[in-house]
>>> print(open('data28.cif').read())   # mmCIF, C-alpha atoms
data_upload
loop_
_atom_site.group_PDB
_atom_site.id
_atom_site.type_symbol
_atom_site.label_atom_id
_atom_site.label_comp_id
_atom_site.auth_asym_id
_atom_site.auth_seq_id
_atom_site.Cartn_x
_atom_site.Cartn_y
_atom_site.Cartn_z
ATOM 1 C CA MET A 1 16.602 -5.433 -4.128
ATOM 2 C CA GLY A 2 17.451 -5.201 -0.440
ATOM 3 C CA LEU A 3 17.115 -2.149 1.782
ATOM 4 C CA THR A 4 15.439 1.033 0.618
ATOM 5 C CA ILE A 5 14.555 4.303 2.314
ATOM 6 C CA GLY A 6 11.090 5.833 2.510
ATOM 7 C CA VAL A 7 10.652 9.551 3.126
ATOM 8 C CA ASP A 8 7.558 11.103 4.684
ATOM 9 C CA ILE A 9 7.286 14.902 4.336
ATOM 10 C CA GLY A 10 5.257 16.311 7.218
ATOM 11 C CA GLY A 11 4.300 19.845 8.132
ATOM 12 C CA THR A 12 6.833 20.023 10.954
ATOM 13 C CA LYS A 13 9.096 16.982 10.464
ATOM 14 C CA ILE A 14 10.609 15.082 7.548
ATOM 15 C CA ALA A 15 11.172 11.435 8.419
ATOM 16 C CA ALA A 16 13.372 8.996 6.515
ATOM 17 C CA GLY A 17 13.307 5.305 7.386
ATOM 18 C CA VAL A 18 15.265 2.259 6.266
ATOM 19 C CA VAL A 19 12.781 -0.458 5.282
ATOM 20 C CA ASP A 20 13.446 -4.105 4.496
ATOM 21 C CA GLU A 21 11.627 -6.415 2.086
ATOM 22 C CA GLU A 22 9.136 -7.431 4.790
ATOM 23 C CA GLY A 23 8.071 -3.843 5.398
ATOM 24 C CA GLN A 24 9.923 -3.568 8.700
ATOM 25 C CA ILE A 25 11.461 -0.195 9.578
ATOM 26 C CA LEU A 26 15.021 -0.802 10.726
ATOM 27 C CA SER A 27 15.984 2.776 11.561
ATOM 28 C CA THR A 28 14.671 6.306 11.193
ATOM 29 C CA PHE A 29 16.117 9.788 11.011
ATOM 30 C CA LYS A 30 14.083 12.989 11.370
ATOM 31 C CA VAL A 31 14.781 16.630 10.587
ATOM 32 C CA SER A 32 12.640 19.737 10.923
ATOM 33 C CA THR A 33 10.667 20.804 7.877
ATOM 34 C CA PRO A 34 12.169 24.057 6.532
ATOM 35 C CA PRO A 35 9.934 26.947 5.438
ATOM 36 C CA THR A 36 11.215 27.081 1.830
ATOM 37 C CA ALA A 37 10.765 24.678 -1.081
ATOM 38 C CA GLU A 38 14.496 24.445 -1.782
ATOM 39 C CA GLY A 39 15.211 24.006 1.918
ATOM 40 C CA ILE A 40 12.888 20.994 1.955
ATOM 41 C CA VAL A 41 14.928 19.362 -0.810
ATOM 42 C CA ASP A 42 18.077 19.842 1.276
ATOM 43 C CA ALA A 43 16.309 18.498 4.371
ATOM 44 C CA ILE A 44 15.138 15.378 2.512
ATOM 45 C CA SER A 45 18.719 14.731 1.443
ATOM 46 C CA SER A 46 19.985 15.213 5.008
ATOM 47 C CA ALA A 47 17.357 12.836 6.386
ATOM 48 C CA VAL A 48 18.271 10.210 3.786
ATOM 49 C CA ALA A 49 21.962 10.565 4.661
ATOM 50 C CA GLY A 50 21.215 10.231 8.363
ATOM 51 C CA ALA A 51 19.027 7.161 7.944
ATOM 52 C CA SER A 52 21.552 5.542 5.593
ATOM 53 C CA GLU A 53 24.330 5.368 8.194
ATOM 54 C CA GLY A 54 25.363 1.771 8.719
ATOM 55 C CA HIS A 55 23.111 0.445 5.934
ATOM 56 C CA ASP A 56 23.640 -0.445 2.287
ATOM 57 C CA ILE A 57 20.784 1.460 0.607
ATOM 58 C CA GLU A 58 19.706 0.777 -2.949
ATOM 59 C CA ALA A 59 16.976 3.356 -3.614
ATOM 60 C CA VAL A 60 14.818 6.083 -2.060
ATOM 61 C CA GLY A 61 11.049 6.576 -2.239
ATOM 62 C CA ILE A 62 9.523 9.958 -1.396
ATOM 63 C CA GLY A 63 5.877 10.505 -0.507
ATOM 64 C CA ALA A 64 4.862 14.040 -1.519
ATOM 65 C CA ALA A 65 1.528 15.721 -0.885
ATOM 66 C CA GLY A 66 0.620 16.894 -4.353
ATOM 67 C CA TYR A 67 0.283 15.926 -7.993
ATOM 68 C CA VAL A 68 3.181 13.751 -9.159
ATOM 69 C CA ASP A 69 3.740 13.166 -12.869
ATOM 70 C CA ASP A 70 3.428 9.842 -14.668
ATOM 71 C CA LYS A 71 7.195 9.273 -14.538
ATOM 72 C CA ARG A 72 7.148 9.588 -10.723
ATOM 73 C CA ALA A 73 9.827 12.256 -10.990
ATOM 74 C CA THR A 74 8.257 15.723 -10.894
ATOM 75 C CA VAL A 75 5.850 17.271 -8.405
ATOM 76 C CA LEU A 76 3.516 19.135 -10.736
ATOM 77 C CA PHE A 77 1.715 20.961 -7.950
ATOM 78 C CA ALA A 78 1.879 20.840 -4.156
ATOM 79 C CA PRO A 79 -0.816 22.713 -2.201
ATOM 80 C CA ASN A 80 1.239 23.290 0.943
ATOM 81 C CA ILE A 81 4.724 23.741 -0.572
ATOM 82 C CA ASN A 82 5.641 26.176 -3.324
ATOM 83 C CA TRP A 83 6.455 23.359 -5.741
ATOM 84 C CA ARG A 84 5.305 23.897 -9.326
ATOM 85 C CA HIS A 85 6.792 21.385 -11.790
ATOM 86 C CA GLU A 86 9.473 20.669 -9.186
ATOM 87 C CA PRO A 87 12.052 18.104 -10.490
ATOM 88 C CA LEU A 88 12.269 16.464 -7.067
ATOM 89 C CA LYS A 89 13.652 13.141 -8.298
ATOM 90 C CA ASP A 90 16.593 14.757 -10.102
ATOM 91 C CA LYS A 91 17.435 17.109 -7.249
ATOM 92 C CA VAL A 92 17.466 14.417 -4.553
ATOM 93 C CA GLU A 93 19.367 11.980 -6.788
ATOM 94 C CA GLN A 94 22.045 14.621 -7.352
ATOM 95 C CA ARG A 95 22.422 15.171 -3.626
ATOM 96 C CA THR A 96 22.275 11.532 -2.466
ATOM 97 C CA GLY A 97 23.712 9.560 -5.382
ATOM 98 C CA LEU A 98 20.815 7.086 -5.071
ATOM 99 C CA PRO A 99 17.943 6.226 -7.446
ATOM 100 C CA VAL A 100 14.779 8.074 -6.358
ATOM 101 C CA VAL A 101 11.074 7.421 -6.922
ATOM 102 C CA VAL A 102 8.562 10.169 -6.093
ATOM 103 C CA GLU A 103 4.958 9.246 -5.349
ATOM 104 C CA ASN A 104 1.873 11.010 -4.066
ATOM 105 C CA ASP A 105 1.786 10.509 -0.304
ATOM 106 C CA ALA A 106 -1.725 9.030 -0.241
ATOM 107 C CA ASN A 107 -0.767 6.580 -2.991
ATOM 108 C CA ALA A 108 2.312 5.609 -0.994
ATOM 109 C CA ALA A 109 0.217 5.030 2.140
ATOM 110 C CA ALA A 110 -2.287 2.971 0.156
ATOM 111 C CA TRP A 111 0.501 0.811 -1.221
ATOM 112 C CA GLY A 112 1.959 0.341 2.244
ATOM 113 C CA GLU A 113 -1.385 -0.873 3.601
ATOM 114 C CA TYR A 114 -1.939 -3.118 0.590
ATOM 115 C CA ARG A 115 1.475 -4.755 0.863
ATOM 116 C CA PHE A 116 2.014 -4.957 4.602
ATOM 117 C CA GLY A 117 -1.160 -3.872 6.395
ATOM 118 C CA ALA A 118 -4.913 -4.309 6.216
ATOM 119 C CA GLY A 119 -4.892 -4.947 2.459
ATOM 120 C CA GLN A 120 -2.933 -8.186 2.602
ATOM 121 C CA GLY A 121 -4.875 -10.970 0.883
ATOM 122 C CA HIS A 122 -6.810 -8.551 -1.343
ATOM 123 C CA ASP A 123 -6.139 -7.943 -5.048
ATOM 124 C CA ASP A 124 -8.480 -4.968 -5.378
ATOM 125 C CA VAL A 125 -8.333 -2.322 -2.649
ATOM 126 C CA ILE A 126 -9.376 1.298 -2.306
ATOM 127 C CA CYS A 127 -7.742 3.302 0.484
ATOM 128 C CA ILE A 128 -8.926 6.606 1.857
ATOM 129 C CA THR A 129 -7.124 8.696 4.446
ATOM 130 C CA LEU A 130 -9.304 10.817 6.708
ATOM 131 C CA GLY A 131 -6.866 13.360 8.047
ATOM 132 C CA THR A 132 -6.943 17.129 7.902
ATOM 133 C CA GLY A 133 -8.129 16.577 4.339
ATOM 134 C CA LEU A 134 -9.115 13.424 2.448
ATOM 135 C CA GLY A 135 -6.694 11.441 0.290
ATOM 136 C CA GLY A 136 -6.898 8.142 -1.503
ATOM 137 C CA GLY A 137 -5.243 5.395 -3.483
ATOM 138 C CA VAL A 138 -6.408 2.665 -5.854
ATOM 139 C CA ILE A 139 -4.946 -0.822 -6.180
ATOM 140 C CA ILE A 140 -6.707 -2.924 -8.820
ATOM 141 C CA GLY A 141 -5.360 -6.271 -9.996
ATOM 142 C CA ASN A 142 -2.439 -5.935 -7.552
ATOM 143 C CA LYS A 143 -1.247 -2.738 -9.252
ATOM 144 C CA LEU A 144 -1.260 0.863 -8.065
ATOM 145 C CA ARG A 145 -3.433 2.731 -10.549
ATOM 146 C CA ARG A 146 -2.131 6.255 -11.092
ATOM 147 C CA GLY A 147 -3.952 7.238 -14.303
ATOM 148 C CA ARG A 148 -2.437 8.385 -17.572
ATOM 149 C CA PHE A 149 -0.874 11.526 -16.111
ATOM 150 C CA GLY A 150 -0.118 10.173 -12.635
ATOM 151 C CA VAL A 151 -2.708 12.173 -10.713
ATOM 152 C CA ALA A 152 -5.577 9.715 -10.254
ATOM 153 C CA ALA A 153 -7.401 9.019 -6.970
ATOM 154 C CA GLU A 154 -7.671 12.625 -5.763
ATOM 155 C CA PHE A 155 -10.895 11.564 -4.076
ATOM 156 C CA GLY A 156 -10.962 14.468 -1.663
ATOM 157 C CA HIS A 157 -11.628 16.815 -4.548
ATOM 158 C CA VAL A 158 -14.525 14.966 -6.112
ATOM 159 C CA ARG A 159 -17.421 17.421 -5.892
ATOM 160 C CA VAL A 160 -20.231 15.887 -3.846
ATOM 161 C CA VAL A 161 -22.278 19.068 -3.257
ATOM 162 C CA PRO A 162 -22.798 21.368 -6.274
ATOM 163 C CA ASP A 163 -21.967 24.937 -5.218
ATOM 164 C CA GLY A 164 -21.154 23.616 -1.735
ATOM 165 C CA LEU A 165 -18.514 24.703 0.735
ATOM 166 C CA LEU A 166 -15.450 26.444 -0.661
ATOM 167 C CA CYS A 167 -12.424 24.127 -0.686
ATOM 168 C CA GLY A 168 -8.775 25.055 -0.375
ATOM 169 C CA CYS A 169 -8.274 23.750 -3.927
ATOM 170 C CA GLY A 170 -10.458 26.585 -5.225
ATOM 171 C CA SER A 171 -13.482 24.450 -6.062
ATOM 172 C CA GLN A 172 -16.729 24.100 -4.124
ATOM 173 C CA GLY A 173 -18.432 21.121 -2.534
ATOM 174 C CA CYS A 174 -15.395 18.802 -2.465
ATOM 175 C CA TRP A 175 -15.773 15.548 -0.535
ATOM 176 C CA GLU A 176 -13.036 16.467 1.950
ATOM 177 C CA GLN A 177 -15.085 19.477 3.064
ATOM 178 C CA TYR A 178 -17.623 16.995 4.459
ATOM 179 C CA ALA A 179 -15.506 13.963 5.428
ATOM 180 C CA SER A 180 -12.216 14.944 7.085
ATOM 181 C CA GLY A 181 -10.741 16.055 10.376
ATOM 182 C CA ARG A 182 -11.378 19.663 9.412
ATOM 183 C CA ALA A 183 -15.040 18.847 8.726
ATOM 184 C CA LEU A 184 -15.337 17.057 12.075
ATOM 185 C CA VAL A 185 -14.214 20.175 13.947
ATOM 186 C CA ARG A 186 -16.664 22.297 11.987
ATOM 187 C CA TYR A 187 -19.541 19.942 12.801
ATOM 188 C CA ALA A 188 -18.707 19.954 16.497
ATOM 189 C CA ARG A 189 -18.388 23.733 16.720
ATOM 190 C CA GLN A 190 -21.672 24.257 14.895
ATOM 191 C CA ARG A 191 -23.498 21.831 17.147
ATOM 192 C CA ALA A 192 -21.916 23.136 20.340
ATOM 193 C CA ASN A 193 -22.921 26.661 19.354
ATOM 194 C CA ALA A 194 -26.502 25.601 18.624
ATOM 195 C CA THR A 195 -27.004 23.388 21.718
ATOM 196 C CA PRO A 196 -24.338 24.192 24.332
ATOM 197 C CA GLU A 197 -26.306 22.241 26.930
ATOM 198 C CA ASN A 198 -25.473 19.068 24.979
ATOM 199 C CA ALA A 199 -21.788 19.964 24.719
ATOM 200 C CA THR A 200 -20.777 20.494 28.340
ATOM 201 C CA ILE A 201 -18.214 17.677 28.285
ATOM 202 C CA LEU A 202 -16.778 18.844 24.974
ATOM 203 C CA LEU A 203 -16.506 22.472 26.040
ATOM 204 C CA SER A 204 -14.901 21.538 29.340
ATOM 205 C CA LEU A 205 -12.041 19.786 27.536
ATOM 206 C CA GLY A 206 -11.015 22.956 25.686
ATOM 207 C CA ASP A 207 -10.967 26.542 26.856
ATOM 208 C CA GLY A 208 -14.725 26.643 27.384
ATOM 209 C CA THR A 209 -15.447 28.359 24.068
ATOM 210 C CA VAL A 210 -16.795 26.980 20.833
ATOM 211 C CA ASP A 211 -13.783 28.302 18.910
ATOM 212 C CA GLY A 212 -11.488 26.432 21.303
ATOM 213 C CA ILE A 213 -12.832 23.012 20.261
ATOM 214 C CA GLU A 214 -10.173 20.872 18.560
ATOM 215 C CA GLY A 215 -10.142 17.377 17.116
ATOM 216 C CA LYS A 216 -8.568 15.807 20.207
ATOM 217 C CA HIS A 217 -11.345 17.257 22.364
ATOM 218 C CA ILE A 218 -14.039 15.771 20.119
ATOM 219 C CA SER A 219 -12.465 12.326 20.319
ATOM 220 C CA GLU A 220 -12.194 12.390 24.101
ATOM 221 C CA ALA A 221 -15.695 13.823 24.528
ATOM 222 C CA ALA A 222 -17.163 11.147 22.249
ATOM 223 C CA ARG A 223 -15.500 8.435 24.345
ATOM 224 C CA GLN A 224 -17.198 9.991 27.376
ATOM 225 C CA GLY A 225 -20.570 9.905 25.627
ATOM 226 C CA CYS A 226 -20.946 13.611 24.823
ATOM 227 C CA PRO A 227 -24.000 13.871 22.499
ATOM 228 C CA VAL A 228 -22.538 16.658 20.361
ATOM 229 C CA ALA A 229 -19.226 14.843 19.869
ATOM 230 C CA VAL A 230 -20.879 11.507 19.035
ATOM 231 C CA ASP A 231 -23.271 13.195 16.609
ATOM 232 C CA SER A 232 -20.375 15.008 14.918
ATOM 233 C CA PHE A 233 -18.607 11.700 14.277
ATOM 234 C CA ARG A 234 -21.837 10.281 12.880
ATOM 235 C CA GLU A 235 -22.178 13.203 10.476
ATOM 236 C CA LEU A 236 -18.628 12.729 9.215
ATOM 237 C CA ALA A 237 -19.259 8.983 8.896
ATOM 238 C CA ARG A 238 -22.457 9.585 6.924
ATOM 239 C CA TRP A 239 -20.542 11.502 4.287
ATOM 240 C CA ALA A 240 -17.581 9.101 4.316
ATOM 241 C CA GLY A 241 -19.757 6.020 3.908
ATOM 242 C CA ALA A 242 -21.829 7.565 1.124
ATOM 243 C CA GLY A 243 -18.618 8.388 -0.723
ATOM 244 C CA LEU A 244 -17.377 4.822 -0.375
ATOM 245 C CA ALA A 245 -20.654 3.606 -1.875
ATOM 246 C CA ASP A 246 -19.974 5.784 -4.929
ATOM 247 C CA LEU A 247 -16.428 4.430 -5.170
ATOM 248 C CA ALA A 248 -17.827 0.885 -5.021
ATOM 249 C CA SER A 249 -19.913 1.695 -8.102
ATOM 250 C CA LEU A 250 -16.763 2.890 -9.879
ATOM 251 C CA PHE A 251 -14.174 0.302 -8.835
ATOM 252 C CA ASP A 252 -15.947 -2.657 -7.162
ATOM 253 C CA PRO A 253 -13.061 -3.460 -4.756
ATOM 254 C CA SER A 254 -13.098 -6.311 -2.271
ATOM 255 C CA ALA A 255 -12.016 -3.964 0.533
ATOM 256 C CA PHE A 256 -11.921 -0.338 1.544
ATOM 257 C CA ILE A 257 -9.172 0.609 3.973
ATOM 258 C CA VAL A 258 -9.795 3.685 6.088
ATOM 259 C CA GLY A 259 -6.699 5.400 7.473
ATOM 260 C CA GLY A 260 -5.644 8.845 8.618
ATOM 261 C CA GLY A 261 -5.902 10.494 11.999
ATOM 262 C CA VAL A 262 -9.708 10.326 12.191
ATOM 263 C CA SER A 263 -9.602 6.540 11.778
ATOM 264 C CA ASP A 264 -7.531 6.266 14.969
ATOM 265 C CA GLU A 265 -10.864 6.383 16.817
ATOM 266 C CA GLY A 266 -11.574 2.833 15.605
ATOM 267 C CA GLU A 267 -15.154 1.598 15.771
ATOM 268 C CA LEU A 268 -16.372 4.977 16.992
ATOM 269 C CA VAL A 269 -16.070 6.134 13.396
ATOM 270 C CA LEU A 270 -15.774 2.860 11.437
ATOM 271 C CA ASP A 271 -19.083 1.353 12.553
ATOM 272 C CA PRO A 272 -21.161 4.337 11.384
ATOM 273 C CA ILE A 273 -19.114 4.503 8.160
ATOM 274 C CA ARG A 274 -20.051 0.873 7.460
ATOM 275 C CA LYS A 275 -23.724 1.598 8.163
ATOM 276 C CA SER A 276 -23.702 4.601 5.833
ATOM 277 C CA PHE A 277 -21.891 2.588 3.163
ATOM 278 C CA ARG A 278 -24.575 -0.117 3.297
ATOM 279 C CA ARG A 279 -27.321 2.521 3.287
ATOM 280 C CA TRP A 280 -26.102 4.212 0.104
ATOM 281 C CA LEU A 281 -24.711 1.232 -1.833
ATOM 282 C CA ILE A 282 -26.743 0.892 -5.025
ATOM 283 C CA GLY A 283 -28.308 -2.551 -5.221
ATOM 284 C CA GLY A 284 -26.807 -3.298 -1.833
ATOM 285 C CA GLU A 285 -29.486 -5.808 -0.938
ATOM 286 C CA TRP A 286 -28.509 -8.068 -3.832
ATOM 287 C CA ARG A 287 -24.789 -7.514 -4.440
ATOM 288 C CA PRO A 288 -21.655 -8.530 -2.512
ATOM 289 C CA HIS A 289 -20.374 -5.904 -0.088
ATOM 290 C CA ALA A 290 -16.762 -4.829 0.129
ATOM 291 C CA GLN A 291 -15.228 -4.972 3.577
ATOM 292 C CA VAL A 292 -14.546 -1.654 5.311
ATOM 293 C CA LEU A 293 -11.345 -2.151 7.273
ATOM 294 C CA ALA A 294 -9.246 -0.048 9.616
ATOM 295 C CA ALA A 295 -5.747 0.754 8.434
ATOM 296 C CA GLN A 296 -3.066 -1.118 10.385
ATOM 297 C CA LEU A 297 0.160 0.769 9.787
ATOM 298 C CA GLY A 298 -0.926 4.147 11.133
ATOM 299 C CA GLY A 299 1.480 6.979 10.444
ATOM 300 C CA LYS A 300 4.091 4.543 9.110
ATOM 301 C CA ALA A 301 2.085 3.591 6.010
ATOM 302 C CA GLY A 302 3.377 6.347 3.740
ATOM 303 C CA LEU A 303 7.017 5.831 4.648
ATOM 304 C CA VAL A 304 6.814 2.044 4.276
ATOM 305 C CA GLY A 305 4.845 2.309 1.036
ATOM 306 C CA ALA A 306 7.238 4.821 -0.511
ATOM 307 C CA ALA A 307 10.202 2.611 0.359
ATOM 308 C CA ASP A 308 8.546 -0.435 -1.210
ATOM 309 C CA LEU A 309 7.632 1.477 -4.365
ATOM 310 C CA ALA A 310 11.281 2.484 -4.660
ATOM 311 C CA ARG A 311 12.190 -1.192 -4.385
ATOM 312 C CA GLN A 312 9.786 -1.989 -7.229
ATOM 313 C CA GLY A 313 11.533 0.634 -9.360
#
>>> encode(input="data28.cif", output="structure tokens")
Amino acid sequence: MGLTIGVDIGGTKIAAGVVDEEGQILSTFKVSTPPTAEGIVDAISSAVAGASEGHDIEAVGIGAAGYVDDKRATVLFAPNINWRHEPLKDKVEQRTGLPVVVENDANAAAWGEYRFGAGQGHDDVICITLGTGLGGGVIIGNKLRRGRFGVAAEFGHVRVVPDGLLCGCGSQGCWEQYASGRALVRYARQRANATPENATILLSLGDGTVDGIEGKHISEAARQGCPVAVDSFRELARWAGAGLADLASLFDPSAFIVGGGVSDEGELVLDPIRKSFRRWLIGGEWRPHAQVLAAQLGGKAGLVGAADLARQG
């Protein structure tokens, strides 16, 4: 199969990109994300039509944030879109006239990294995305493992603290409440409130108040050596690394790939994640250690991965 299109559904933009067999994006087309579920279906179709111009397209892959069924056709549940058992594959196929594959967006990003990014050369890879929340994907034996019902690898909602912080999913103590961009902001605000004298750089980058601290301020302050910002990254990394150690006990991969917006800070976050991983890895002194690698494709991973999964059929 030749050219396929990958679709990335974002909170403000829906991007469709034409992708070749080498994972190269040849063209993209973006539209605004509508406020309604049915409007999003129409917008996906418009983006696909726009990206298709001048290209012979054979299939479309869509990365959707939510639970996708085992047939990769229906979005069973989407937390940020009012999709409940949404037949997304059928609707987009009717509008575009092209074969469509629907995949969880974190799975699509994991596949993109495995095929064309940091996972190349590895047969067994676990990917986690540290963004606003925490997503994941599992490739074992060169295959994306989706589980019997298609909803495996929802790592962000593994409960790591019994009766812990309330999560948006309705449960308590989920991993993403402790290792995510949202958690990072919470750590920084708590620390800045407790010891403002150690957060002067951080506070100066926002509006001067604790509530004005945002993720971008924490990153910049950490690069400038702000103690509160650096310590906040270390706290996030402690939880992230400990979680990877648990995943190593479950899957024993040769590599973990860390993506998402938080990972854009590079070694600032990856080095302490590796240290925490080694600290909590059971039998770590005597067993081989998986590599902990930075994702390479950035925000393109989901689009590229979805397009390649469509090519696989």
>>> atom_distance(input="data28.cif", atom1="CA of Gly50 in chain A", atom2="CA of Phe29 in chain A")
5.8 Å
>>> axis_aligned_box(input="data28.cif", around="range 100-110 of chain A", padding_each_side="8 Å", output="JSON")
{"center_x": 6.2, "center_y": 7.0, "center_z": -2.4, "size_x": 33.1, "size_y": 24.0, "size_z": 25.1}
>>> residues_around(input="data28.cif", residues="range 85-101 of chain A", least_positions_apart="6", cutoff="9 Å", atoms="all atoms listed in the file", output="list in words")
Val41, Asp42, Ile44, Ser45, Ser46, Val48, Ala49, Ile57, Glu58, Ala59, Val60, Gly61, Ile62, Gly63, Val68, Asp69, Lys71, Arg72, Ala73, Thr74, Val75, Leu76, Phe77, Ala306, Ala307, Leu309, Ala310 and Gly313 of chain A
>>> closest_residue(input="data28.cif", among="A:Ala240, A:Cys226, A:Tyr67, A:Ile9", to="Phe149 in chain A", atoms="all atoms listed in the file")
A:Tyr67
>>> residues_around(input="data28.cif", residues="range 258-260 of chain A", least_positions_apart="5", cutoff="10 Å", atoms="all atoms listed in the file", output="VMD selection string")
chain A and resid 106 109 to 110 113 118 126 to 136 180 to 181 240 266 269 to 270 273 292 to 299 301
>>> write_last_selection(input="data28.cif", atoms="C-alpha atoms", output="PDB file, in the frame of the given file")
ATOM      1  CA  ALA A 106      -1.725   9.030  -0.241  1.00  0.00           C
ATOM      2  CA  ALA A 109       0.217   5.030   2.140  1.00  0.00           C
ATOM      3  CA  ALA A 110      -2.287   2.971   0.156  1.00  0.00           C
ATOM      4  CA  GLU A 113      -1.385  -0.873   3.601  1.00  0.00           C
ATOM      5  CA  ALA A 118      -4.913  -4.309   6.216  1.00  0.00           C
ATOM      6  CA  ILE A 126      -9.376   1.298  -2.306  1.00  0.00           C
ATOM      7  CA  CYS A 127      -7.742   3.302   0.484  1.00  0.00           C
ATOM      8  CA  ILE A 128      -8.926   6.606   1.857  1.00  0.00           C
ATOM      9  CA  THR A 129      -7.124   8.696   4.446  1.00  0.00           C
ATOM     10  CA  LEU A 130      -9.304  10.817   6.708  1.00  0.00           C
ATOM     11  CA  GLY A 131      -6.866  13.360   8.047  1.00  0.00           C
ATOM     12  CA  THR A 132      -6.943  17.129   7.902  1.00  0.00           C
ATOM     13  CA  GLY A 133      -8.129  16.577   4.339  1.00  0.00           C
ATOM     14  CA  LEU A 134      -9.115  13.424   2.448  1.00  0.00           C
ATOM     15  CA  GLY A 135      -6.694  11.441   0.290  1.00  0.00           C
ATOM     16  CA  GLY A 136      -6.898   8.142  -1.503  1.00  0.00           C
ATOM     17  CA  SER A 180     -12.216  14.944   7.085  1.00  0.00           C
ATOM     18  CA  GLY A 181     -10.741  16.055  10.376  1.00  0.00           C
ATOM     19  CA  ALA A 240     -17.581   9.101   4.316  1.00  0.00           C
ATOM     20  CA  GLY A 266     -11.574   2.833  15.605  1.00  0.00           C
ATOM     21  CA  VAL A 269     -16.070   6.134  13.396  1.00  0.00           C
ATOM     22  CA  LEU A 270     -15.774   2.860  11.437  1.00  0.00           C
ATOM     23  CA  ILE A 273     -19.114   4.503   8.160  1.00  0.00           C
ATOM     24  CA  VAL A 292     -14.546  -1.654   5.311  1.00  0.00           C
ATOM     25  CA  LEU A 293     -11.345  -2.151   7.273  1.00  0.00           C
ATOM     26  CA  ALA A 294      -9.246  -0.048   9.616  1.00  0.00           C
ATOM     27  CA  ALA A 295      -5.747   0.754   8.434  1.00  0.00           C
ATOM     28  CA  GLN A 296      -3.066  -1.118  10.385  1.00  0.00           C
ATOM     29  CA  LEU A 297       0.160   0.769   9.787  1.00  0.00           C
ATOM     30  CA  GLY A 298      -0.926   4.147  11.133  1.00  0.00           C
ATOM     31  CA  GLY A 299       1.480   6.979  10.444  1.00  0.00           C
ATOM     32  CA  ALA A 301       2.085   3.591   6.010  1.00  0.00           C
TER      33      ALA A 301
END
>>> closest_residue(input="data28.cif", among="A:Pro288, A:Gly11, A:Gly6, A:Gly243", to="Thr28 in chain A", atoms="only C-alpha atoms")
A:Gly6
>>> residues_around(input="data28.cif", residues="range 206-210 of chain A", least_positions_apart="5", cutoff="9 Å", atoms="all atoms listed in the file", output="JSON, numbers by chain")
{"A": [188, 189, 190, 192, 193, 196, 200, 217]}
>>> closest_residue(input="data28.cif", among="A:Gly302, A:Gly119, A:Gly137, A:Gly150", to="Ala64 in chain A", atoms="all atoms listed in the file")
A:Gly302
>>> residues_around(input="data28.cif", residues="Ser219 in chain A", least_positions_apart="4", cutoff="8 Å", atoms="only C-alpha atoms", output="list in words")
Gly215, Arg223, Ala229 and Glu265 of chain A
>>> resolve_selection(input="data28.cif", expression="the PyMOL selection byres ((chain A and resi 21) around 8)", output="list in words")
Gly2, Leu3, Val19, Asp20, Glu22, Gly23, Gln24 and Asp308 of chain A
>>> resolve_selection(input="data28.cif", expression="the PyMOL selection byres ((chain A and resi 163) around 7)", output="JSON, numbers by chain")
{"A": [161, 162, 164, 165, 172, 173]}
>>> resolve_selection(input="data28.cif", expression="the PyMOL selection byres ((chain A and resi 37) around 7)", output="ChimeraX atom specification")
/A:35-36,38-41,81-83
>>> closest_residue(input="data28.cif", among="A:Gln291, A:Thr195, A:Ser232, A:Thr12", to="Ser32 in chain A", atoms="all atoms listed in the file")
A:Thr12
>>> closest_residue(input="data28.cif", among="A:Leu236, A:Leu303, A:Ala153, A:Ala221", to="Gln177 in chain A", atoms="all atoms listed in the file")
A:Leu236
